[in-house]
Amino acid sequence: MEFFTSYDGTGLAYRVVGDGPPLVCLPGGPQESAYLGELGGLSAHRRLIMLDLRGTGRSAMPTDLASCRCDRLVDDVAALREHLGLDRMDLLAHSAGASVALRYAGRRPEHVGRLALITPSVRAVGIEISGELRRETVRPRRDEPWFPEAFAALTAIGAGRATAENWRAVAPFSYGRWDEAARAHRAAEERMNTEVVAAFHAEGAYDPDATRAELARFGAPVLVLAGEVDPGFPPPTAAEFVRLFPNAGYTVQPGAGHFPWLDDADRFVAATLAFLEQPALPRPVASRPVASQATEVDSRPSDVPTA
């Protein structure tokens, strides 16, 4: 682990794995970055710099818990960039980490080279995902033995009857294969500090109108990657989300859930690397946005709720 001091004196930790140009990675949760692993082998091509968000993993718990709020974590990302000595950085974010990345990109666009959003949360931009769309997304998995219980739990959550047991029951929907490796990954995923999670989503964390306005002026290239059977970020939601950017494309990974690097590492790495290694293009003028480009799109519906 490496360490640096953020803007308010809080000590933050990050992992560095792999070789190649740096790629700063923000985990979801909020939680430590360990669950990202090496992103399916992306570390063979890029030097992954994986931040443990404040209050998680090896990063310190701040004196002011309110500083864990999503929008305030932007300042930690800025401090990390300065610590690394990068004028501009490529940024990858997963799930709830995408909310931090979106606010960072909107506020400090000059410091972002490329932005890869992997099965991102859409809370920051105010997109609603209906219960019916989530259920349609997971229905292709109806023949799997755990499906009846998980589907009943998903329906209950969508109807406002969420319980801890229901959340445990829907866990298989986050993975393209509910096997031993997925179960072990899920067990690690559950180690989240509930106070930090509450602070992350506290009142004031999200301003969808302001964020949408910022993203409409964000000209850097953006990749949005969805899992075909992920109810947390269904493919139709990806198609809606990508239209918020002037220079973005999306891809749907077949058979993948919320953690696509676990479901098919080779396919995930190929798609992400193809985006990161595209030749640089001139940035579009903010007042004349470039139409979004959709790539490898599979519009078949898919489903599952996550952080």
# chains A, B, ... in the order shown; residues from 1 in each chain; ligands from 1
$ select_by_dssp --residues "segment 149-232 of chain A" --states "helix (DSSP H, G or I)" --output "number ranges by chain"
A: 149-158, 164-169, 171-174, 180-189, 194-200, 208-216
$ residues_around --residues "Ala216 of chain A" --least-positions-apart "6" --cutoff "7 Å" --atoms "only C-alpha atoms" --output "PDB file with C-alpha atoms, in the first residue's frame"
ATOM      1  CA  LEU A 244     -25.776  12.862 -20.966  1.00  0.00           C
ATOM      2  CA  PHE A 245     -22.266  13.177 -22.454  1.00  0.00           C
ATOM      3  CA  PRO A 246     -21.221  14.880 -25.701  1.00  0.00           C
TER       4      PRO A 246
END
$ closest_residue --among "A:Gly11, A:Gly37, A:Pro62, A:Gly232" --to "Val138 of chain A" --atoms "only C-alpha atoms"
A:Gly232
$ residues_around --residues "Arg103 of chain A" --least-positions-apart "3" --cutoff "9 Å" --atoms "only C-alpha atoms" --output "list in words"
Cys70, Asp71, Val74, Ala98, Ser99, Val100, Gly106, Arg107, Arg108, Ala124, Thr211, Glu214 and Leu215 of chain A
$ residues_around --residues "Pro145 of chain A" --least-positions-apart "3" --cutoff "12 Å" --atoms "only C-alpha atoms" --output "mmCIF file with C-alpha atoms, in the first residue's frame"
data_model
loop_
_atom_site.group_PDB
_atom_site.id
_atom_site.type_symbol
_atom_site.label_atom_id
_atom_site.label_comp_id
_atom_site.auth_asym_id
_atom_site.auth_seq_id
_atom_site.Cartn_x
_atom_site.Cartn_y
_atom_site.Cartn_z
ATOM 1 C CA ARG A 141 -31.770 -16.481 -15.589
ATOM 2 C CA ARG A 142 -35.078 -18.097 -14.597
ATOM 3 C CA PRO A 148 -37.226 -18.195 -7.463
ATOM 4 C CA GLU A 149 -36.058 -17.000 -4.048
ATOM 5 C CA ALA A 150 -33.918 -14.216 -5.525
ATOM 6 C CA PHE A 151 -36.673 -13.021 -7.847
ATOM 7 C CA PRO A 172 -26.676 -13.869 -7.179
ATOM 8 C CA ARG A 177 -22.253 -17.002 -12.536
ATOM 9 C CA TRP A 178 -23.300 -17.687 -8.954
ATOM 10 C CA ASP A 179 -20.424 -20.041 -8.229
#
$ residues_around --residues "segment 256-259 of chain A" --least-positions-apart "4" --cutoff "6 Å" --atoms "only C-alpha atoms" --output "list in words"
Thr119, Ser174, Tyr175, Gly176, Gly227, Glu228, Val229, Asp230 and Asp263 of chain A
$ closest_residue --among "A:Ala265, A:Ala271, A:Ala187, A:Glu144" --to "Val252 of chain A" --atoms "only C-alpha atoms"
A:Ala271
$ closest_residue --among "A:Glu165, A:Asp64, A:Asp19, A:Glu2" --to "His83 of chain A" --atoms "only C-alpha atoms"
A:Glu2
$ atom_distance --atom1 "atom CA of Gly97 of chain A" --atom2 "atom CA of Thr5 of chain A"
20.0 Å
$ closest_residue --among "A:Ala79, A:Leu276, A:Tyr7, A:Pro260" --to "Leu92 of chain A" --atoms "only C-alpha atoms"
A:Leu276
$ select_by_dssp --residues "segment 159-265 of chain A" --states "strand (DSSP E or B)" --output "tab-separated table (two decimals) with all heavy atoms, in the first residue's frame"
chain	number	residue	atom	x	y	z
A	222	VAL	N	-15.66	9.18	-23.09
A	222	VAL	CA	-16.28	8.43	-21.99
A	222	VAL	C	-16.70	7.06	-22.50
A	222	VAL	O	-17.32	6.94	-23.57
A	222	VAL	CB	-17.51	9.18	-21.44
A	222	VAL	CG1	-18.17	8.36	-20.31
A	222	VAL	CG2	-17.12	10.56	-20.93
A	223	LEU	N	-16.39	6.02	-21.73
A	223	LEU	CA	-16.90	4.67	-21.97
A	223	LEU	C	-17.86	4.32	-20.85
A	223	LEU	O	-17.53	4.47	-19.67
A	223	LEU	CB	-15.76	3.65	-21.99
A	223	LEU	CG	-16.20	2.16	-21.96
A	223	LEU	CD1	-16.88	1.78	-23.28
A	223	LEU	CD2	-15.02	1.24	-21.68
A	224	VAL	N	-19.03	3.83	-21.20
A	224	VAL	CA	-20.00	3.30	-20.23
A	224	VAL	C	-20.14	1.81	-20.52
A	224	VAL	O	-20.51	1.43	-21.64
A	224	VAL	CB	-21.35	4.01	-20.36
A	224	VAL	CG1	-22.37	3.39	-19.41
A	224	VAL	CG2	-21.19	5.51	-20.09
A	225	LEU	N	-19.83	0.97	-19.54
A	225	LEU	CA	-19.87	-0.47	-19.73
A	225	LEU	C	-20.95	-1.06	-18.83
A	225	LEU	O	-20.92	-0.88	-17.61
A	225	LEU	CB	-18.51	-1.10	-19.43
A	225	LEU	CG	-18.32	-2.55	-19.87
A	225	LEU	CD1	-16.86	-2.84	-20.21
A	225	LEU	CD2	-18.80	-3.54	-18.79
A	226	ALA	N	-21.90	-1.76	-19.43
A	226	ALA	CA	-23.00	-2.40	-18.70
A	226	ALA	C	-22.87	-3.91	-18.79
A	226	ALA	O	-22.33	-4.44	-19.77
A	226	ALA	CB	-24.34	-1.95	-19.28
A	227	GLY	N	-23.41	-4.60	-17.78
A	227	GLY	CA	-23.52	-6.05	-17.84
A	227	GLY	C	-24.90	-6.42	-18.36
A	227	GLY	O	-25.91	-5.83	-17.95
A	248	ALA	N	-19.40	10.21	-25.84
A	248	ALA	CA	-19.44	8.96	-25.09
A	248	ALA	C	-19.99	7.82	-25.93
A	248	ALA	O	-20.71	8.03	-26.90
A	248	ALA	CB	-20.31	9.13	-23.84
A	249	GLY	N	-19.62	6.60	-25.54
A	249	GLY	CA	-20.16	5.40	-26.14
A	249	GLY	C	-20.41	4.37	-25.06
A	249	GLY	O	-19.88	4.49	-23.95
A	250	TYR	N	-21.22	3.36	-25.36
A	250	TYR	CA	-21.45	2.33	-24.36
A	250	TYR	C	-21.36	0.95	-25.00
A	250	TYR	O	-21.55	0.79	-26.20
A	250	TYR	CB	-22.77	2.52	-23.63
A	250	TYR	CG	-24.04	2.13	-24.37
A	250	TYR	CD1	-24.66	0.91	-24.12
A	250	TYR	CD2	-24.62	2.99	-25.29
A	250	TYR	CE1	-25.84	0.57	-24.77
A	250	TYR	CE2	-25.79	2.66	-25.95
A	250	TYR	CZ	-26.39	1.45	-25.69
A	250	TYR	OH	-27.54	1.10	-26.33
A	251	THR	N	-21.06	0.00	-24.15
A	251	THR	CA	-20.98	-1.38	-24.58
A	251	THR	C	-21.66	-2.26	-23.53
A	251	THR	O	-21.64	-1.95	-22.34
A	251	THR	CB	-19.52	-1.82	-24.80
A	251	THR	OG1	-19.48	-3.16	-25.30
A	251	THR	CG2	-18.72	-1.77	-23.51
A	252	VAL	N	-22.30	-3.32	-23.98
A	252	VAL	CA	-22.96	-4.27	-23.09
A	252	VAL	C	-22.18	-5.58	-23.14
A	252	VAL	O	-22.02	-6.17	-24.21
A	252	VAL	CB	-24.42	-4.49	-23.50
A	252	VAL	CG1	-25.07	-5.55	-22.61
A	252	VAL	CG2	-25.20	-3.18	-23.44
A	253	GLN	N	-21.69	-6.03	-22.00
A	253	GLN	CA	-20.93	-7.27	-21.95
A	253	GLN	C	-21.89	-8.45	-21.79
A	253	GLN	O	-22.60	-8.55	-20.79
A	253	GLN	CB	-19.94	-7.25	-20.79
A	253	GLN	CG	-19.05	-8.49	-20.74
A	253	GLN	CD	-17.91	-8.34	-19.77
A	253	GLN	OE1	-17.21	-7.33	-19.75
A	253	GLN	NE2	-17.68	-9.36	-18.95
$ residues_around --residues "Arg186 of chain A" --least-positions-apart "3" --cutoff "10 Å" --atoms "only C-alpha atoms" --output "PDB file with all heavy atoms, in the first residue's frame"
ATOM      1  N   TYR A  35     -11.746  -5.394  -3.546  1.00  0.00           N
ATOM      2  CA  TYR A  35     -12.662  -6.225  -4.322  1.00  0.00           C
ATOM      3  C   TYR A  35     -12.468  -6.059  -5.826  1.00  0.00           C
ATOM      4  O   TYR A  35     -12.912  -6.897  -6.613  1.00  0.00           O
ATOM      5  CB  TYR A  35     -14.114  -5.915  -3.942  1.00  0.00           C
ATOM      6  CG  TYR A  35     -14.685  -4.692  -4.607  1.00  0.00           C
ATOM      7  CD1 TYR A  35     -15.420  -4.800  -5.790  1.00  0.00           C
ATOM      8  CD2 TYR A  35     -14.510  -3.422  -4.065  1.00  0.00           C
ATOM      9  CE1 TYR A  35     -15.952  -3.686  -6.414  1.00  0.00           C
ATOM     10  CE2 TYR A  35     -15.040  -2.312  -4.677  1.00  0.00           C
ATOM     11  CZ  TYR A  35     -15.766  -2.439  -5.855  1.00  0.00           C
ATOM     12  OH  TYR A  35     -16.286  -1.329  -6.484  1.00  0.00           O
ATOM     13  N   ARG A 168     -29.731 -10.129   0.946  1.00  0.00           N
ATOM     14  CA  ARG A 168     -28.852 -11.296   0.811  1.00  0.00           C
ATOM     15  C   ARG A 168     -29.337 -12.209  -0.319  1.00  0.00           C
ATOM     16  O   ARG A 168     -28.540 -12.754  -1.076  1.00  0.00           O
ATOM     17  CB  ARG A 168     -28.792 -12.075   2.132  1.00  0.00           C
ATOM     18  CG  ARG A 168     -27.910 -11.446   3.192  1.00  0.00           C
ATOM     19  CD  ARG A 168     -27.664 -12.413   4.343  1.00  0.00           C
ATOM     20  NE  ARG A 168     -28.874 -12.692   5.085  1.00  0.00           N
ATOM     21  CZ  ARG A 168     -29.317 -11.957   6.103  1.00  0.00           C
ATOM     22  NH1 ARG A 168     -28.636 -10.896   6.496  1.00  0.00           N
ATOM     23  NH2 ARG A 168     -30.422 -12.287   6.733  1.00  0.00           N
ATOM     24  N   ALA A 171     -28.308 -11.355  -4.001  1.00  0.00           N
ATOM     25  CA  ALA A 171     -26.879 -11.303  -4.317  1.00  0.00           C
ATOM     26  C   ALA A 171     -26.504 -12.023  -5.609  1.00  0.00           C
ATOM     27  O   ALA A 171     -25.667 -11.518  -6.374  1.00  0.00           O
ATOM     28  CB  ALA A 171     -26.067 -11.862  -3.148  1.00  0.00           C
ATOM     29  N   PRO A 172     -27.086 -13.196  -5.932  1.00  0.00           N
ATOM     30  CA  PRO A 172     -26.676 -13.869  -7.179  1.00  0.00           C
ATOM     31  C   PRO A 172     -26.884 -13.037  -8.439  1.00  0.00           C
ATOM     32  O   PRO A 172     -26.188 -13.232  -9.440  1.00  0.00           O
ATOM     33  CB  PRO A 172     -27.572 -15.121  -7.197  1.00  0.00           C
ATOM     34  CG  PRO A 172     -27.893 -15.389  -5.764  1.00  0.00           C
ATOM     35  CD  PRO A 172     -28.017 -14.034  -5.153  1.00  0.00           C
ATOM     36  N   SER A 174     -26.029 -10.136  -8.998  1.00  0.00           N
ATOM     37  CA  SER A 174     -24.884  -9.254  -9.262  1.00  0.00           C
ATOM     38  C   SER A 174     -23.769  -9.943 -10.033  1.00  0.00           C
ATOM     39  O   SER A 174     -22.804  -9.281 -10.434  1.00  0.00           O
ATOM     40  CB  SER A 174     -24.325  -8.717  -7.939  1.00  0.00           C
ATOM     41  OG  SER A 174     -25.239  -7.822  -7.341  1.00  0.00           O
ATOM     42  N   TYR A 175     -23.903 -11.254 -10.247  1.00  0.00           N
ATOM     43  CA  TYR A 175     -22.834 -12.031 -10.884  1.00  0.00           C
ATOM     44  C   TYR A 175     -23.391 -12.805 -12.068  1.00  0.00           C
ATOM     45  O   TYR A 175     -24.503 -13.342 -12.011  1.00  0.00           O
ATOM     46  CB  TYR A 175     -22.213 -13.006  -9.877  1.00  0.00           C
ATOM     47  CG  TYR A 175     -21.597 -12.305  -8.695  1.00  0.00           C
ATOM     48  CD1 TYR A 175     -22.377 -11.970  -7.584  1.00  0.00           C
ATOM     49  CD2 TYR A 175     -20.254 -11.954  -8.690  1.00  0.00           C
ATOM     50  CE1 TYR A 175     -21.817 -11.304  -6.495  1.00  0.00           C
ATOM     51  CE2 TYR A 175     -19.686 -11.290  -7.601  1.00  0.00           C
ATOM     52  CZ  TYR A 175     -20.478 -10.964  -6.519  1.00  0.00           C
ATOM     53  OH  TYR A 175     -19.934 -10.299  -5.445  1.00  0.00           O
ATOM     54  N   TRP A 178     -23.238 -17.635 -10.412  1.00  0.00           N
ATOM     55  CA  TRP A 178     -23.300 -17.687  -8.954  1.00  0.00           C
ATOM     56  C   TRP A 178     -22.577 -18.948  -8.496  1.00  0.00           C
ATOM     57  O   TRP A 178     -23.153 -19.936  -8.074  1.00  0.00           O
ATOM     58  CB  TRP A 178     -24.741 -17.662  -8.482  1.00  0.00           C
ATOM     59  CG  TRP A 178     -24.910 -17.547  -6.992  1.00  0.00           C
ATOM     60  CD1 TRP A 178     -25.618 -18.394  -6.189  1.00  0.00           C
ATOM     61  CD2 TRP A 178     -24.369 -16.540  -6.128  1.00  0.00           C
ATOM     62  NE1 TRP A 178     -25.545 -17.974  -4.874  1.00  0.00           N
ATOM     63  CE2 TRP A 178     -24.787 -16.839  -4.797  1.00  0.00           C
ATOM     64  CE3 TRP A 178     -23.551 -15.427  -6.332  1.00  0.00           C
ATOM     65  CZ2 TRP A 178     -24.436 -16.059  -3.700  1.00  0.00           C
ATOM     66  CZ3 TRP A 178     -23.193 -14.644  -5.243  1.00  0.00           C
ATOM     67  CH2 TRP A 178     -23.637 -14.961  -3.947  1.00  0.00           C
ATOM     68  N   GLU A 180     -18.703 -20.617  -6.641  1.00  0.00           N
ATOM     69  CA  GLU A 180     -17.930 -20.465  -5.410  1.00  0.00           C
ATOM     70  C   GLU A 180     -17.134 -19.166  -5.398  1.00  0.00           C
ATOM     71  O   GLU A 180     -17.050 -18.476  -4.371  1.00  0.00           O
ATOM     72  CB  GLU A 180     -16.993 -21.668  -5.239  1.00  0.00           C
ATOM     73  CG  GLU A 180     -16.276 -21.703  -3.901  1.00  0.00           C
ATOM     74  CD  GLU A 180     -15.476 -22.980  -3.705  1.00  0.00           C
ATOM     75  OE1 GLU A 180     -15.893 -24.041  -4.234  1.00  0.00           O
ATOM     76  OE2 GLU A 180     -14.449 -22.924  -3.015  1.00  0.00           O
ATOM     77  N   ALA A 181     -16.551 -18.817  -6.548  1.00  0.00           N
ATOM     78  CA  ALA A 181     -15.771 -17.578  -6.623  1.00  0.00           C
ATOM     79  C   ALA A 181     -16.666 -16.367  -6.385  1.00  0.00           C
ATOM     80  O   ALA A 181     -16.274 -15.413  -5.697  1.00  0.00           O
ATOM     81  CB  ALA A 181     -15.080 -17.481  -7.978  1.00  0.00           C
ATOM     82  N   ALA A 182     -17.877 -16.396  -6.950  1.00  0.00           N
ATOM     83  CA  ALA A 182     -18.809 -15.280  -6.759  1.00  0.00           C
ATOM     84  C   ALA A 182     -19.234 -15.179  -5.296  1.00  0.00           C
ATOM     85  O   ALA A 182     -19.341 -14.075  -4.740  1.00  0.00           O
ATOM     86  CB  ALA A 182     -20.024 -15.461  -7.656  1.00  0.00           C
ATOM     87  N   ARG A 183     -19.462 -16.316  -4.649  1.00  0.00           N
ATOM     88  CA  ARG A 183     -19.866 -16.296  -3.243  1.00  0.00           C
ATOM     89  C   ARG A 183     -18.754 -15.714  -2.366  1.00  0.00           C
ATOM     90  O   ARG A 183     -19.021 -14.941  -1.438  1.00  0.00           O
ATOM     91  CB  ARG A 183     -20.226 -17.705  -2.781  1.00  0.00           C
ATOM     92  CG  ARG A 183     -21.532 -18.238  -3.368  1.00  0.00           C
ATOM     93  CD  ARG A 183     -21.871 -19.612  -2.785  1.00  0.00           C
ATOM     94  NE  ARG A 183     -23.140 -20.104  -3.277  1.00  0.00           N
ATOM     95  CZ  ARG A 183     -23.287 -20.823  -4.397  1.00  0.00           C
ATOM     96  NH1 ARG A 183     -22.222 -21.126  -5.137  1.00  0.00           N
ATOM     97  NH2 ARG A 183     -24.486 -21.227  -4.767  1.00  0.00           N
ATOM     98  N   GLU A 189     -17.470  -8.347  -0.198  1.00  0.00           N
ATOM     99  CA  GLU A 189     -18.241  -7.150  -0.513  1.00  0.00           C
ATOM    100  C   GLU A 189     -19.071  -6.669   0.664  1.00  0.00           C
ATOM    101  O   GLU A 189     -19.353  -5.492   0.795  1.00  0.00           O
ATOM    102  CB  GLU A 189     -19.212  -7.473  -1.666  1.00  0.00           C
ATOM    103  CG  GLU A 189     -18.670  -7.136  -3.038  1.00  0.00           C
ATOM    104  CD  GLU A 189     -19.049  -5.730  -3.416  1.00  0.00           C
ATOM    105  OE1 GLU A 189     -20.225  -5.438  -3.567  1.00  0.00           O
ATOM    106  OE2 GLU A 189     -18.107  -4.913  -3.537  1.00  0.00           O
ATOM    107  N   GLU A 190     -19.489  -7.582   1.518  1.00  0.00           N
ATOM    108  CA  GLU A 190     -20.398  -7.227   2.597  1.00  0.00           C
ATOM    109  C   GLU A 190     -19.697  -6.534   3.759  1.00  0.00           C
ATOM    110  O   GLU A 190     -20.354  -6.087   4.696  1.00  0.00           O
ATOM    111  CB  GLU A 190     -21.137  -8.478   3.079  1.00  0.00           C
ATOM    112  CG  GLU A 190     -22.128  -9.008   2.036  1.00  0.00           C
ATOM    113  CD  GLU A 190     -22.786 -10.306   2.447  1.00  0.00           C
ATOM    114  OE1 GLU A 190     -22.298 -10.916   3.427  1.00  0.00           O
ATOM    115  OE2 GLU A 190     -23.767 -10.697   1.804  1.00  0.00           O
ATOM    116  N   ARG A 191     -18.385  -6.413   3.705  1.00  0.00           N
ATOM    117  CA  ARG A 191     -17.647  -5.773   4.800  1.00  0.00           C
ATOM    118  C   ARG A 191     -17.629  -4.254   4.607  1.00  0.00           C
ATOM    119  O   ARG A 191     -16.592  -3.664   4.297  1.00  0.00           O
ATOM    120  CB  ARG A 191     -16.223  -6.305   4.861  1.00  0.00           C
ATOM    121  CG  ARG A 191     -16.145  -7.792   5.142  1.00  0.00           C
ATOM    122  CD  ARG A 191     -14.710  -8.282   5.094  1.00  0.00           C
ATOM    123  NE  ARG A 191     -14.645  -9.719   4.957  1.00  0.00           N
ATOM    124  CZ  ARG A 191     -13.690 -10.360   4.290  1.00  0.00           C
ATOM    125  NH1 ARG A 191     -12.729  -9.680   3.695  1.00  0.00           N
ATOM    126  NH2 ARG A 191     -13.693 -11.675   4.208  1.00  0.00           N
TER     127      ARG A 191
END
$ closest_residue --among "A:Pro140, A:Gly126, A:Pro120, A:Pro235" --to "Ser95 of chain A" --atoms "only C-alpha atoms"
A:Pro120
$ closest_residue --among "A:Ala66, A:Ala162, A:Leu262, A:Ala44" --to "Ala184 of chain A" --atoms "only C-alpha atoms"
A:Leu262
